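Coordinates from my_file.cif are shown below (mmCIF, C-alpha atoms).
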data_coords
#
loop_
_atom_site.label_atom_id
_atom_site.label_comp_id
_atom_site.auth_asym_id
_atom_site.auth_seq_id
_atom_site.Cartn_x
_atom_site.Cartn_y
_atom_site.Cartn_z
CA MET A 459 46.49 23.48 -137.20
CA ILE A 460 48.44 22.72 -140.36
CA ASP A 461 50.00 19.54 -139.12
CA ALA A 462 47.31 17.67 -137.22
CA PRO A 463 48.83 14.51 -135.76
CA ASN A 464 48.11 11.38 -137.73
CA VAL A 465 46.00 9.35 -135.29
CA GLY A 466 42.83 7.44 -136.08
CA LEU A 467 39.72 8.66 -134.28
CA LEU A 468 38.88 5.33 -132.69
CA SER A 469 42.37 4.79 -131.34
CA LEU A 470 42.42 8.37 -130.06
CA PHE A 471 39.13 7.74 -128.26
CA LEU A 472 40.34 4.51 -126.66
CA ALA A 473 43.70 6.02 -125.81
CA SER A 474 42.14 8.99 -124.05
CA ILE A 475 39.98 6.66 -121.95
CA LEU A 476 42.50 3.94 -121.15
CA THR A 477 46.17 4.56 -121.83
CA SER A 478 46.43 8.26 -121.16
CA ASN A 479 43.53 8.56 -118.76
CA ILE A 480 43.23 12.22 -117.86
CA LEU A 481 43.10 11.44 -114.16
CA LEU A 482 45.27 8.40 -113.64
CA ALA A 483 48.09 9.33 -116.03
CA ASN A 484 47.91 13.11 -116.04
CA PHE A 485 46.62 13.78 -112.50
CA LEU A 486 43.99 16.23 -113.69
CA GLY A 487 40.85 16.77 -111.67
CA THR A 488 42.16 14.99 -108.58
CA CYS A 489 40.71 17.42 -106.03
CA SER A 490 37.04 17.01 -106.82
CA PHE A 491 37.73 13.35 -107.59
CA ILE A 492 38.81 12.69 -104.00
CA SER A 493 36.11 14.70 -102.29
CA ILE A 494 33.16 13.58 -104.45
CA SER A 495 34.02 9.88 -104.77
CA LYS A 496 32.82 9.36 -101.18
CA ASP A 497 29.33 9.15 -102.56
CA PHE A 498 28.34 6.80 -105.39
CA LYS A 499 25.37 8.82 -106.67
CA SER A 500 27.18 12.13 -106.72
CA SER A 501 30.06 10.48 -108.57
CA MET A 502 27.66 9.40 -111.27
CA GLY A 503 26.26 12.93 -111.58
CA LEU A 504 29.63 14.61 -111.62
CA GLY A 505 30.98 12.07 -114.11
CA ILE A 506 28.17 12.79 -116.59
CA ALA A 507 28.52 16.55 -116.08
CA VAL A 508 32.30 16.49 -116.60
CA THR A 509 32.00 14.38 -119.75
CA LEU A 510 29.42 16.74 -121.22
CA VAL A 511 31.34 19.87 -120.31
CA ILE A 512 34.72 18.64 -121.57
CA GLY A 513 33.22 17.42 -124.83
CA ILE A 514 31.37 20.66 -125.54
CA THR A 515 34.10 23.04 -124.38
CA SER A 516 36.78 21.30 -126.41
CA ALA A 517 34.64 21.75 -129.53
CA VAL A 518 33.90 25.41 -128.73
CA CYS A 519 37.49 26.16 -127.74
CA TRP A 520 38.79 24.58 -130.94
CA VAL A 521 36.65 26.96 -132.97
CA VAL A 522 37.69 29.93 -130.81
CA LEU A 523 41.34 28.94 -131.11
CA ARG A 524 41.23 28.45 -134.86
CA TYR A 525 39.08 31.40 -135.89
CA ILE A 526 39.68 34.03 -133.21
CA ILE A 527 42.92 33.47 -131.32
CA GLU A 528 45.17 32.36 -134.18
CA PRO A 529 44.14 34.95 -136.83
CA LEU A 530 44.50 37.76 -134.28
CA GLY A 531 47.81 36.42 -132.96
CA ILE A 532 46.72 36.72 -129.32
CA GLU A 533 48.01 33.34 -128.12
CA TYR A 534 49.30 35.01 -124.96
CA LEU A 535 45.70 35.63 -123.93
CA SER A 536 44.58 32.07 -124.61
CA PHE A 537 44.43 31.04 -120.91
CA ILE A 538 42.03 33.85 -120.08
CA ILE A 539 39.92 33.24 -123.18
CA PHE A 540 39.66 29.51 -122.48
CA ILE A 541 38.61 30.13 -118.88
CA ILE A 542 35.91 32.55 -120.01
CA VAL A 543 34.68 30.08 -122.63
CA ILE A 544 34.53 27.29 -120.05
CA ALA A 545 32.62 29.48 -117.59
CA GLY A 546 30.24 30.55 -120.35
CA VAL A 547 29.59 27.02 -121.58
CA VAL A 548 28.97 25.80 -118.05
CA GLN A 549 26.55 28.64 -117.40
CA MET A 550 24.66 27.97 -120.63
CA LEU A 551 24.55 24.26 -120.05
CA GLU A 552 23.13 24.92 -116.61
CA MET A 553 20.38 27.11 -118.07
CA ILE A 554 19.53 24.65 -120.84
CA ILE A 555 19.36 21.69 -118.49
CA GLU A 556 17.25 23.66 -116.04
CA ARG A 557 14.82 24.58 -118.83
CA PHE A 558 14.43 21.16 -120.44
CA SER A 559 15.06 18.65 -117.71
CA PRO A 560 14.40 19.83 -114.16
CA ALA A 561 15.03 16.32 -112.86
CA LEU A 562 18.50 16.20 -114.38
CA TYR A 563 19.09 19.74 -113.14
CA MET A 564 18.31 18.68 -109.59
CA ALA A 565 20.81 15.87 -109.91
CA LEU A 566 23.60 17.82 -111.64
CA GLY A 567 22.86 21.32 -110.41
CA ILE A 568 25.40 21.62 -107.63
CA PHE A 569 28.18 20.05 -109.67
CA LEU A 570 28.01 22.29 -112.70
CA PRO A 571 29.50 25.45 -111.15
CA LEU A 572 32.28 23.36 -109.60
CA ILE A 573 33.36 22.21 -113.03
CA THR A 574 34.52 25.68 -114.08
CA VAL A 575 37.55 25.25 -111.87
CA ASN A 576 38.06 21.55 -112.55
CA CYS A 577 41.61 21.17 -113.85
CA ALA A 578 40.58 18.36 -116.20
CA VAL A 579 38.54 20.70 -118.40
CA LEU A 580 41.26 23.29 -118.91
CA GLY A 581 43.84 20.51 -119.14
CA VAL A 582 42.13 18.79 -122.04
CA ILE A 583 41.87 22.09 -123.92
CA LEU A 584 45.54 22.93 -123.36
CA PHE A 585 46.57 19.44 -124.49
CA MET A 586 44.43 19.92 -127.58
CA GLN A 587 46.16 23.23 -128.29
CA ILE A 588 49.67 21.86 -127.81
CA ARG A 589 49.13 18.66 -129.81
CA LYS A 590 47.46 20.62 -132.65
CA TYR A 591 44.45 18.33 -133.08
CA ASN A 592 42.01 18.97 -135.92
CA PHE A 593 38.31 19.44 -135.19
CA PRO A 594 37.09 15.81 -135.13
CA GLN A 595 40.14 14.79 -133.14
CA ALA A 596 39.55 17.59 -130.63
CA VAL A 597 35.93 16.57 -130.09
CA ILE A 598 36.78 12.87 -129.80
CA PHE A 599 39.66 13.61 -127.46
CA GLY A 600 37.38 15.79 -125.32
CA PHE A 601 34.61 13.23 -124.99
CA GLY A 602 37.13 10.40 -124.54
CA SER A 603 38.92 12.20 -121.73
CA GLY A 604 35.63 12.99 -120.06
CA ALA A 605 34.56 9.37 -120.33
CA GLY A 606 37.91 8.28 -118.90
CA TRP A 607 37.41 10.58 -115.93
CA TRP A 608 33.88 9.28 -115.46
CA LEU A 609 35.09 5.67 -115.59
CA ALA A 610 37.81 6.40 -113.04
CA ILE A 611 35.48 8.13 -110.56
CA MET A 612 32.88 5.33 -110.84
CA LEU A 613 35.55 2.71 -110.18
CA LEU A 614 36.89 4.61 -107.19
CA ALA A 615 33.43 5.31 -105.77
CA SER A 616 32.58 1.61 -105.93
CA ILE A 617 35.81 0.68 -104.15
CA ARG A 618 35.31 3.34 -101.51
CA ARG A 619 31.88 2.00 -100.58
CA LYS A 620 33.64 -1.04 -99.13
CA LEU A 621 36.75 0.81 -98.02
CA ASP A 622 35.25 3.42 -95.75
CA SER A 623 33.60 0.88 -93.48
CA ASN A 624 36.84 -1.06 -93.04
CA ASN A 625 38.29 -0.77 -89.55
CA ALA A 626 41.65 -2.39 -90.31
CA ILE A 627 43.00 0.82 -91.84
CA PRO A 628 45.42 2.75 -89.57
CA ALA A 629 43.89 5.95 -88.20
CA GLY A 630 46.45 8.21 -89.87
CA LEU A 631 45.72 6.72 -93.26
CA LYS A 632 41.92 6.90 -93.12
CA GLY A 633 40.05 9.07 -95.60
CA THR A 634 42.32 10.81 -98.06
CA GLY A 635 45.39 8.67 -97.40
CA ILE A 636 43.86 5.32 -98.24
CA THR A 637 42.02 6.90 -101.16
CA LEU A 638 45.30 8.09 -102.63
CA ILE A 639 46.78 4.61 -102.29
CA THR A 640 43.71 3.15 -104.01
CA ILE A 641 44.10 5.64 -106.85
CA GLY A 642 47.75 4.61 -107.07
CA PHE A 643 46.78 0.97 -107.55
CA MET A 644 44.18 1.95 -110.13
CA ALA A 645 46.82 3.97 -111.96
CA MET A 646 49.11 0.93 -111.93
CA ALA A 647 46.35 -1.17 -113.45
CA PHE A 648 45.79 1.41 -116.15
CA VAL A 649 49.52 1.51 -116.90
CA GLY A 650 48.98 -2.07 -118.04
CA PHE A 651 47.02 -0.77 -121.02
CA SER A 652 49.91 1.33 -122.22
CA GLY A 653 51.29 -1.21 -124.67
CA MET A 654 48.04 -1.16 -126.68
CA ILE A 655 47.85 2.31 -128.16
CA ALA A 656 50.27 5.18 -127.89
CA VAL A 657 49.15 8.77 -128.23
CA GLN A 658 51.25 11.64 -127.01
CA MET B 44 51.35 34.41 -81.28
CA SER B 45 51.12 37.51 -83.46
CA ALA B 46 48.91 37.43 -86.54
CA PRO B 47 51.65 37.37 -89.23
CA SER B 48 53.60 34.55 -87.60
CA LYS B 49 50.40 32.56 -87.04
CA VAL B 50 49.49 32.98 -90.70
CA PHE B 51 52.92 31.77 -91.69
CA LYS B 52 52.93 28.74 -89.40
CA ASP B 53 49.42 27.82 -90.51
CA GLY B 54 50.47 27.79 -94.14
CA LEU B 55 53.62 25.81 -93.60
CA TRP B 56 52.30 23.22 -91.18
CA TYR B 57 49.11 23.56 -89.10
CA ASN B 58 46.86 24.29 -92.05
CA ASN B 59 49.17 23.01 -94.77
CA PRO B 60 47.39 23.10 -98.13
CA ILE B 61 48.29 19.49 -98.90
CA PHE B 62 48.06 17.77 -95.50
CA VAL B 63 45.07 19.54 -94.03
CA GLN B 64 43.13 21.12 -96.86
CA VAL B 65 44.01 18.44 -99.47
CA LEU B 66 43.96 21.05 -102.21
CA GLY B 67 45.92 21.67 -105.34
CA ILE B 68 47.44 18.26 -105.79
CA CYS B 69 46.13 18.02 -109.34
CA SER B 70 48.47 19.91 -111.55
CA THR B 71 51.79 19.68 -109.86
CA LEU B 72 51.95 15.97 -109.03
CA ALA B 73 52.43 15.32 -112.72
CA VAL B 74 55.80 17.03 -112.80
CA THR B 75 57.20 15.63 -109.55
CA ASN B 76 59.31 12.95 -111.21
CA ASN B 77 61.92 15.62 -111.78
CA LEU B 78 63.22 17.97 -109.08
CA ARG B 79 64.07 20.86 -111.39
CA ASN B 80 60.63 21.01 -113.03
CA THR B 81 58.96 20.75 -109.63
CA LEU B 82 61.04 23.66 -108.35
CA ILE B 83 59.91 25.81 -111.27
CA MET B 84 56.26 24.82 -110.78
CA VAL B 85 56.41 25.47 -107.04
CA LEU B 86 57.94 28.90 -107.59
CA GLY B 87 55.20 29.62 -110.11
CA VAL B 88 52.43 28.56 -107.75
CA THR B 89 53.92 30.53 -104.86
CA PHE B 90 54.21 33.64 -107.02
CA ALA B 91 50.64 33.27 -108.27
CA THR B 92 49.07 32.61 -104.84
CA SER B 93 50.90 35.41 -103.07
CA MET B 94 50.44 38.06 -105.75
CA GLY B 95 46.89 36.88 -106.48
CA SER B 96 45.94 37.07 -102.79
CA LEU B 97 47.52 40.53 -102.53
CA THR B 98 45.60 41.85 -105.55
CA LEU B 99 42.28 40.26 -104.64
CA SER B 100 42.54 41.44 -101.07
CA ALA B 101 43.24 45.00 -102.23
CA LEU B 102 40.23 44.81 -104.55
CA ARG B 103 37.93 43.02 -102.13
CA GLU B 104 35.76 46.07 -101.42
CA LEU B 105 35.29 46.77 -105.12
CA ILE B 106 34.26 43.33 -106.38
CA PRO B 107 30.51 42.71 -106.38
CA ARG B 108 29.65 39.43 -104.66
CA LYS B 109 27.86 37.98 -107.66
CA VAL B 110 30.79 38.10 -110.04
CA ARG B 111 33.44 37.38 -107.40
CA MET B 112 34.41 33.96 -108.73
CA ILE B 113 35.01 35.06 -112.28
CA VAL B 114 36.98 38.12 -111.17
CA GLN B 115 39.16 35.89 -109.00
CA VAL B 116 39.84 33.53 -111.89
CA LEU B 117 40.69 36.40 -114.23
CA VAL B 118 43.11 38.04 -111.78
CA LEU B 119 44.79 34.70 -111.11
CA SER B 120 45.09 33.85 -114.79
CA PHE B 121 46.75 37.22 -115.34
CA TYR B 122 49.59 36.18 -113.03
CA VAL B 123 49.81 32.74 -114.59
CA ILE B 124 50.18 34.32 -118.03
CA ILE B 125 53.12 36.34 -116.68
CA ILE B 126 54.75 33.12 -115.45
CA ASP B 127 54.14 31.43 -118.79
CA ILE B 128 55.62 34.29 -120.81
CA VAL B 129 58.69 34.58 -118.57
CA LEU B 130 59.29 30.82 -118.77
CA ARG B 131 58.91 30.79 -122.54
CA ALA B 132 61.37 33.64 -122.92
CA TYR B 133 64.09 32.50 -120.53
CA GLN B 134 63.66 28.71 -120.20
CA PRO B 135 62.10 27.49 -123.46
CA ALA B 136 63.22 23.90 -122.88
CA ILE B 137 61.57 23.66 -119.46
CA SER B 138 58.48 25.45 -120.74
CA LYS B 139 58.15 22.80 -123.43
CA GLN B 140 58.58 19.95 -120.94
CA LEU B 141 55.99 21.36 -118.56
CA GLY B 142 53.58 21.71 -121.46
CA PRO B 143 50.04 22.46 -120.30
CA TYR B 144 50.87 22.27 -116.62
CA VAL B 145 51.99 25.90 -116.37
CA GLY B 146 48.59 27.04 -117.63
CA LEU B 147 46.92 24.64 -115.24
CA ILE B 148 48.23 26.65 -112.28
CA ILE B 149 45.08 28.74 -112.90
CA THR B 150 42.84 25.89 -111.88
CA ASN B 151 45.09 24.87 -109.01
CA CYS B 152 42.61 24.73 -106.17
CA ILE B 153 44.99 26.39 -103.70
CA LEU B 154 44.80 29.68 -105.57
CA MET B 155 41.02 29.87 -105.52
CA GLY B 156 40.89 28.34 -102.07
CA ARG B 157 43.10 31.00 -100.49
CA ALA B 158 41.47 33.81 -102.46
CA GLU B 159 38.07 32.72 -101.18
CA ALA B 160 38.96 31.62 -97.64
CA PHE B 161 41.49 34.28 -96.69
CA ALA B 162 42.04 37.13 -99.15
CA ALA B 163 38.31 37.91 -99.39
CA SER B 164 38.19 38.94 -95.74
CA ASN B 165 41.69 40.12 -94.75
CA PRO B 166 43.91 43.17 -95.45
CA PRO B 167 46.37 43.00 -98.38
CA GLY B 168 49.60 42.64 -96.36
CA LEU B 169 48.31 39.67 -94.40
CA ALA B 170 46.75 38.14 -97.52
CA PHE B 171 50.10 38.34 -99.33
CA LEU B 172 51.78 36.58 -96.40
CA ASP B 173 49.07 33.94 -96.35
CA GLY B 174 49.50 33.29 -100.06
CA LEU B 175 53.27 33.09 -99.67
CA ALA B 176 53.03 30.72 -96.70
CA ASN B 177 50.56 28.46 -98.47
CA GLY B 178 52.67 28.40 -101.61
CA LEU B 179 55.74 27.47 -99.58
CA GLY B 180 53.84 24.96 -97.46
CA TYR B 181 52.64 23.29 -100.63
CA GLY B 182 56.11 23.60 -102.17
CA TRP B 183 58.16 21.86 -99.54
CA VAL B 184 55.93 18.78 -99.55
CA LEU B 185 56.12 18.51 -103.33
CA LEU B 186 59.88 19.08 -103.35
CA VAL B 187 60.37 16.22 -100.88
CA ILE B 188 58.22 13.94 -103.07
CA ALA B 189 60.06 15.04 -106.21
CA ALA B 190 63.45 14.44 -104.60
CA ILE B 191 62.45 10.88 -103.64
CA ARG B 192 61.00 10.16 -107.08
CA GLU B 193 63.96 11.53 -109.01
CA PHE B 194 66.50 9.82 -106.77
CA LEU B 195 64.88 6.39 -106.95
CA GLY B 196 63.68 6.70 -110.52
CA PHE B 197 66.78 8.10 -112.19
CA GLY B 198 69.49 7.87 -109.51
CA SER B 199 70.05 11.58 -109.78
CA LEU B 200 69.10 14.87 -108.13
CA LEU B 201 68.52 18.06 -110.14
CA GLY B 202 69.91 16.17 -113.13
CA PHE B 203 73.26 15.27 -111.52
CA LYS B 204 73.97 11.57 -111.29
CA ILE B 205 74.81 10.68 -107.69
CA VAL B 206 74.83 6.89 -107.55
CA GLY B 207 77.15 4.48 -109.36
CA ASP B 208 76.36 2.32 -112.36
CA GLY B 209 75.35 -0.64 -110.16
CA PHE B 210 72.10 1.12 -109.22
CA THR B 211 68.93 -0.23 -110.80
CA PRO B 212 66.44 2.59 -111.29
CA TRP B 213 62.92 2.04 -109.95
CA THR B 214 60.88 2.46 -113.10
CA ILE B 215 57.67 2.75 -111.08
CA MET B 216 58.99 5.97 -109.52
CA VAL B 217 59.01 7.67 -112.92
CA MET B 218 55.41 6.70 -113.62
CA ALA B 219 52.18 8.16 -112.31
CA PRO B 220 51.21 5.64 -109.57
CA SER B 221 54.25 6.36 -107.38
CA ALA B 222 53.18 9.98 -106.92
CA PHE B 223 49.91 8.83 -105.37
CA PHE B 224 51.68 6.32 -103.10
CA LEU B 225 54.30 8.82 -101.91
CA LEU B 226 51.69 11.49 -101.24
CA ALA B 227 49.64 8.98 -99.24
CA ILE B 228 52.69 8.03 -97.18
CA ALA B 229 53.52 11.70 -96.57
CA LEU B 230 49.93 12.27 -95.46
CA TRP B 231 50.12 9.28 -93.14
CA ILE B 232 53.31 10.53 -91.48
CA ALA B 233 51.86 14.02 -91.07
CA ASN B 234 48.60 12.68 -89.59
CA ASN B 235 50.44 10.45 -87.13
CA HIS B 236 52.68 13.31 -86.08
CA LYS B 237 49.68 15.54 -85.58
CA ALA B 238 47.79 12.92 -83.58
CA LYS B 239 50.81 12.48 -81.30
CA ALA B 240 51.19 16.22 -80.79
CA GLU B 241 47.53 16.51 -79.95
CA ALA B 242 47.65 13.64 -77.49
CA ALA B 243 50.69 15.20 -75.79
CA LYS B 244 48.91 18.52 -75.55
CA LYS B 245 45.83 16.92 -74.02
CA THR B 246 47.78 15.16 -71.27
CA ALA B 247 49.85 18.30 -70.56
CA ALA B 248 46.89 20.66 -70.25
CA PRO B 249 43.56 18.90 -69.80
CA GLY B 250 40.65 20.94 -71.01
CA ALA B 251 42.75 23.03 -73.37
CA PRO B 252 41.53 23.06 -76.96
CA ALA B 253 43.59 20.56 -78.92
CA GLY B 254 45.22 21.36 -82.22
CA ALA B 255 45.61 24.66 -84.00
CA SER B 256 42.56 26.11 -85.62
CA GLY B 257 43.30 27.72 -88.91
CA ALA B 258 41.05 29.20 -91.54
CA PRO B 259 38.23 26.83 -92.47
CA ALA B 260 39.35 24.47 -95.20
CA PRO B 261 37.28 25.07 -98.31
CA GLN B 262 36.08 21.86 -99.86
CA LYS B 263 35.97 22.72 -103.51
CA SER B 264 38.10 22.05 -106.50
#

Could you quickly redo this structure as structure tokens?
Amino acid sequence: MIDAPNVGLLSLFLASILTSNILLANFLGTCSFISISKDFKSSMGLGIAVTLVIGITSAVCWVVLRYIIEPLGIEYLSFIIFIIVIAGVVQMLEMIIERFSPALYMALGIFLPLITVNCAVLGVILFMQIRKYNFPQAVIFGFGSGAGWWLAIMLLASIRRKLDSNNAIPAGLKGTGITLITIGFMAMAFVGFSGMIAVQ
Amino acid sequence: MSAPSKVFKDGLWYNNPIFVQVLGICSTLAVTNNLRNTLIMVLGVTFATSMGSLTLSALRELIPRKVRMIVQVLVLSFYVIIIDIVLRAYQPAISKQLGPYVGLIITNCILMGRAEAFAASNPPGLAFLDGLANGLGYGWVLLVIAAIREFLGFGSLLGFKIVGDGFTPWTIMVMAPSAFFLLAIALWIANNHKAKAEAAKKTAAPGAPAGASGAPAPQKS
């Protein structure tokens, strides 16, 4: 953490949403993305849940990394520790939401456990570790990536509402196939942002 | 068809993790613009699924149902850590290029999918074979995609240049969108092939159940 990269917070936020979108540029979280985007409402719920979880876990994992893993020199255990932290945060978030907002819990409930094994969450944390972000950068990067994922799933869910009732699509390409092609076009559109801000 | 050979054929084709279950495409698509990196990732995933399935199947009587998920994740991350350490020691350059994607094998849905759908209810030997077959079934599809992307994007295979200087590289093949397009095309070809095989089977033996039934495809990430 000595040499945090020199990127402004705002540009890091925009970059993590647009230019290096966690889903469209880094392919993370594709599985649940494809299966959930069938349904507009569920996409909304999962998008909010993922954004919350990534934002909170990246903050918690930064603290764990800086004050537990690095002083003890147990970097080789970091995968296991991160997974446990993610599972713990998800569990706690589930309990807190259930306690304070039963309505939100009904909407998000089934998605929360799924998030533990969502690649996007672990991916963001590993990127944060490798790029040596400082605390504000880690939090901004976490929320930005979550928001990027949310944006992508909302866009795809809206497109799929029209797509799934279209009969012109060849039988072999229906469902997952045409969805993948749609994601490809979305990724191409997002590549168009890449001249604006660079963060790697 | 005996059980081991059925398990193997299911993994490689009839219940292929990519074509049928649509699992695990997250982490490895990102490295398919380069054949060598893909090969390393595929070997890693195959190692982790087969050994993970073996271990979890051997332990299946001992794991309480309530904490099953977390035990599965911990066992799988143990194998992924081994892969990471070996790569760092012997191939530091590749390890650096792959970056977070080695660690992301843990959340590769195939690992959890097989652990849950097969290893949780089958003996260790068969579970190992199932993990191996699924890893290989996933691997060959990704290797084909990687070969196409590297050839069109760089004009090379495994880093060796194979076309002359007159070749204009397809820049799109190096970037993210092409992976989605190629996977969709592969899926299309596989679906068409399957539909044809099913139709042929129906006309040959009316009333016979069409298609091979594998383990139920888990729909989770």

Care to translate the PyMOL selection byres ((chain A) within 6 of (chain B)) into actual residues of this file, as a compact mmCIF listing (two decimals) with C-alpha atoms, in the frame of the given file?
# COMPACT_ATOMS: atom_id res chain seq x y z
CA ALA A 483 48.09 9.33 -116.03
CA PHE A 485 46.62 13.78 -112.50
CA LEU A 486 43.99 16.23 -113.69
CA GLY A 487 40.85 16.77 -111.67
CA THR A 488 42.16 14.99 -108.58
CA CYS A 489 40.71 17.42 -106.03
CA SER A 490 37.04 17.01 -106.82
CA VAL A 575 37.55 25.25 -111.87
CA CYS A 577 41.61 21.17 -113.85
CA LEU A 584 45.54 22.93 -123.36
CA GLY A 630 46.45 8.21 -89.87
CA LEU A 631 45.72 6.72 -93.26
CA GLY A 635 45.39 8.67 -97.40
CA LEU A 638 45.30 8.09 -102.63
CA ILE A 639 46.78 4.61 -102.29
CA GLY A 642 47.75 4.61 -107.07
CA ALA A 645 46.82 3.97 -111.96
CA MET A 646 49.11 0.93 -111.93

Please provide as a compact mmCIF listing (two decimals) with C-alpha atoms, in the frame of the given file all residues within 9 Å of Ala545 in chain A, with the sequence filter that same-chain residues fewer than 2 positions apart are discarded (counting only C-alpha atoms).
# COMPACT_ATOMS: atom_id res chain seq x y z
CA PHE A 540 39.66 29.51 -122.48
CA ILE A 541 38.61 30.13 -118.88
CA ILE A 542 35.91 32.55 -120.01
CA VAL A 543 34.68 30.08 -122.63
CA VAL A 547 29.59 27.02 -121.58
CA VAL A 548 28.97 25.80 -118.05
CA GLN A 549 26.55 28.64 -117.40
CA MET A 550 24.66 27.97 -120.63
CA PRO A 571 29.50 25.45 -111.15
CA ILE A 573 33.36 22.21 -113.03
CA THR A 574 34.52 25.68 -114.08
CA VAL A 575 37.55 25.25 -111.87
CA ILE B 113 35.01 35.06 -112.28

Within 12 Å of range 473-475 of chain A, counting all atoms listed in the file, which residues qualify if same-chain residues fewer than 3 places away don't, as a PDB file with C-alpha atoms, keeping the file's coordinate frame?
ATOM      1  CA  VAL A 465      46.000   9.350-135.290  1.00  0.00           C
ATOM      2  CA  GLY A 466      42.830   7.440-136.080  1.00  0.00           C
ATOM      3  CA  LEU A 467      39.720   8.660-134.280  1.00  0.00           C
ATOM      4  CA  LEU A 468      38.880   5.330-132.690  1.00  0.00           C
ATOM      5  CA  SER A 469      42.370   4.790-131.340  1.00  0.00           C
ATOM      6  CA  LEU A 470      42.420   8.370-130.060  1.00  0.00           C
ATOM      7  CA  SER A 478      46.430   8.260-121.160  1.00  0.00           C
ATOM      8  CA  ASN A 479      43.530   8.560-118.760  1.00  0.00           C
ATOM      9  CA  ILE A 480      43.230  12.220-117.860  1.00  0.00           C
ATOM     10  CA  LEU A 481      43.100  11.440-114.160  1.00  0.00           C
ATOM     11  CA  LEU A 482      45.270   8.400-113.640  1.00  0.00           C
ATOM     12  CA  ALA A 483      48.090   9.330-116.030  1.00  0.00           C
ATOM     13  CA  ASN A 484      47.910  13.110-116.040  1.00  0.00           C
ATOM     14  CA  THR A 509      32.000  14.380-119.750  1.00  0.00           C
ATOM     15  CA  VAL A 582      42.130  18.790-122.040  1.00  0.00           C
ATOM     16  CA  PHE A 585      46.570  19.440-124.490  1.00  0.00           C
ATOM     17  CA  MET A 586      44.430  19.920-127.580  1.00  0.00           C
ATOM     18  CA  GLN A 595      40.140  14.790-133.140  1.00  0.00           C
ATOM     19  CA  ALA A 596      39.550  17.590-130.630  1.00  0.00           C
ATOM     20  CA  VAL A 597      35.930  16.570-130.090  1.00  0.00           C
ATOM     21  CA  ILE A 598      36.780  12.870-129.800  1.00  0.00           C
ATOM     22  CA  PHE A 599      39.660  13.610-127.460  1.00  0.00           C
ATOM     23  CA  GLY A 600      37.380  15.790-125.320  1.00  0.00           C
ATOM     24  CA  PHE A 601      34.610  13.230-124.990  1.00  0.00           C
ATOM     25  CA  GLY A 602      37.130  10.400-124.540  1.00  0.00           C
ATOM     26  CA  SER A 603      38.920  12.200-121.730  1.00  0.00           C
ATOM     27  CA  GLY A 604      35.630  12.990-120.060  1.00  0.00           C
ATOM     28  CA  ALA A 605      34.560   9.370-120.330  1.00  0.00           C
ATOM     29  CA  GLY A 606      37.910   8.280-118.900  1.00  0.00           C
ATOM     30  CA  TRP A 607      37.410  10.580-115.930  1.00  0.00           C
ATOM     31  CA  TRP A 608      33.880   9.280-115.460  1.00  0.00           C
ATOM     32  CA  LEU A 609      35.090   5.670-115.590  1.00  0.00           C
ATOM     33  CA  ALA A 610      37.810   6.400-113.040  1.00  0.00           C
ATOM     34  CA  PHE A 648      45.790   1.410-116.150  1.00  0.00           C
ATOM     35  CA  VAL A 649      49.520   1.510-116.900  1.00  0.00           C
ATOM     36  CA  PHE A 651      47.020  -0.770-121.020  1.00  0.00           C
ATOM     37  CA  SER A 652      49.910   1.330-122.220  1.00  0.00           C
ATOM     38  CA  GLY A 653      51.290  -1.210-124.670  1.00  0.00           C
ATOM     39  CA  MET A 654      48.040  -1.160-126.680  1.00  0.00           C
ATOM     40  CA  ILE A 655      47.850   2.310-128.160  1.00  0.00           C
ATOM     41  CA  ALA A 656      50.270   5.180-127.890  1.00  0.00           C
ATOM     42  CA  VAL A 657      49.150   8.770-128.230  1.00  0.00           C
ATOM     43  CA  GLN A 658      51.250  11.640-127.010  1.00  0.00           C
TER      44      GLN A 658
END

- Query: Please, what distance in Å, to one decimal, runs between CA of Thr98 in chain B and CA of Leu82 in chain B?
  - Reply: 24.0 Å

- Query: Which one of A:Val579, A:Met644, A:Leu566, A:Met612 sits closest to Ser516 in chain A if you count all atoms listed in the file?
  - Reply: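 Of A:Val579, A:Met644, A:Leu566, A:Met612, the one nearest Ser516 in chain A is A:Val579, counting all atoms listed in the file.
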
- Evaluating the PyMOL selection byres ((chain B and resi 91-96) around 7) on the displayed file yields which residues, as a list in words? Gly87, Val88, Thr89, Phe90, Leu97, Thr98, Leu99, Ser100, Val118, Leu119, Tyr122, Val123, Leu154, Ala158, Ala162, Ala170, Phe171, Leu172, Gly174, Leu175 and Gly178 of chain B

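The shell of residues at most 10 Å from Leu523 in chain A, with only C-alpha atoms counted and near chain neighbours (fewer than 6 positions) removed, consists of Met459, Ala517, Pro529, Leu530, Ile532, Glu533, Ser536, Ile539, Phe540, Ile583 and Gln587 of chain A.
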
- Message: Using Å and a single decimal, report how far CA of Leu55 in chain B sits from CA of Ala176 in chain B.
- Response: 5.8 Å

- Computed interatomic separation between CA of Phe498 in chain A and CA of Ala615 in chain A (Å): 5.3 Å

- Once the PyMOL selection byres ((chain A and resi 563) around 12) has been applied to the shown file, what residues remain in the selection, as a VMD selection string? chain A and resid 503 to 504 506 to 507 551 to 562 564 to 570

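Nearest residue to Pro107 in chain B, choosing from B:Asn77, B:Ser138, B:Ala163, B:Arg157 and counting only C-alpha atoms: B:Ala163.
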
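Candidate residues B:Ala242, B:Ala189, B:Ile205, B:Val50 were compared for distance to Gly168 in chain B, and the nearest is B:Val50, using all atoms listed in the file.
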
- Task: Using all atoms listed in the file, pick whichever of B:Leu78, B:Ala240, B:Val187, B:Ala136 has the shortest atom-to-atom distance to Leu201 in chain B.
- Result: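 So, comparing all the options, the nearest one is B:Leu78.
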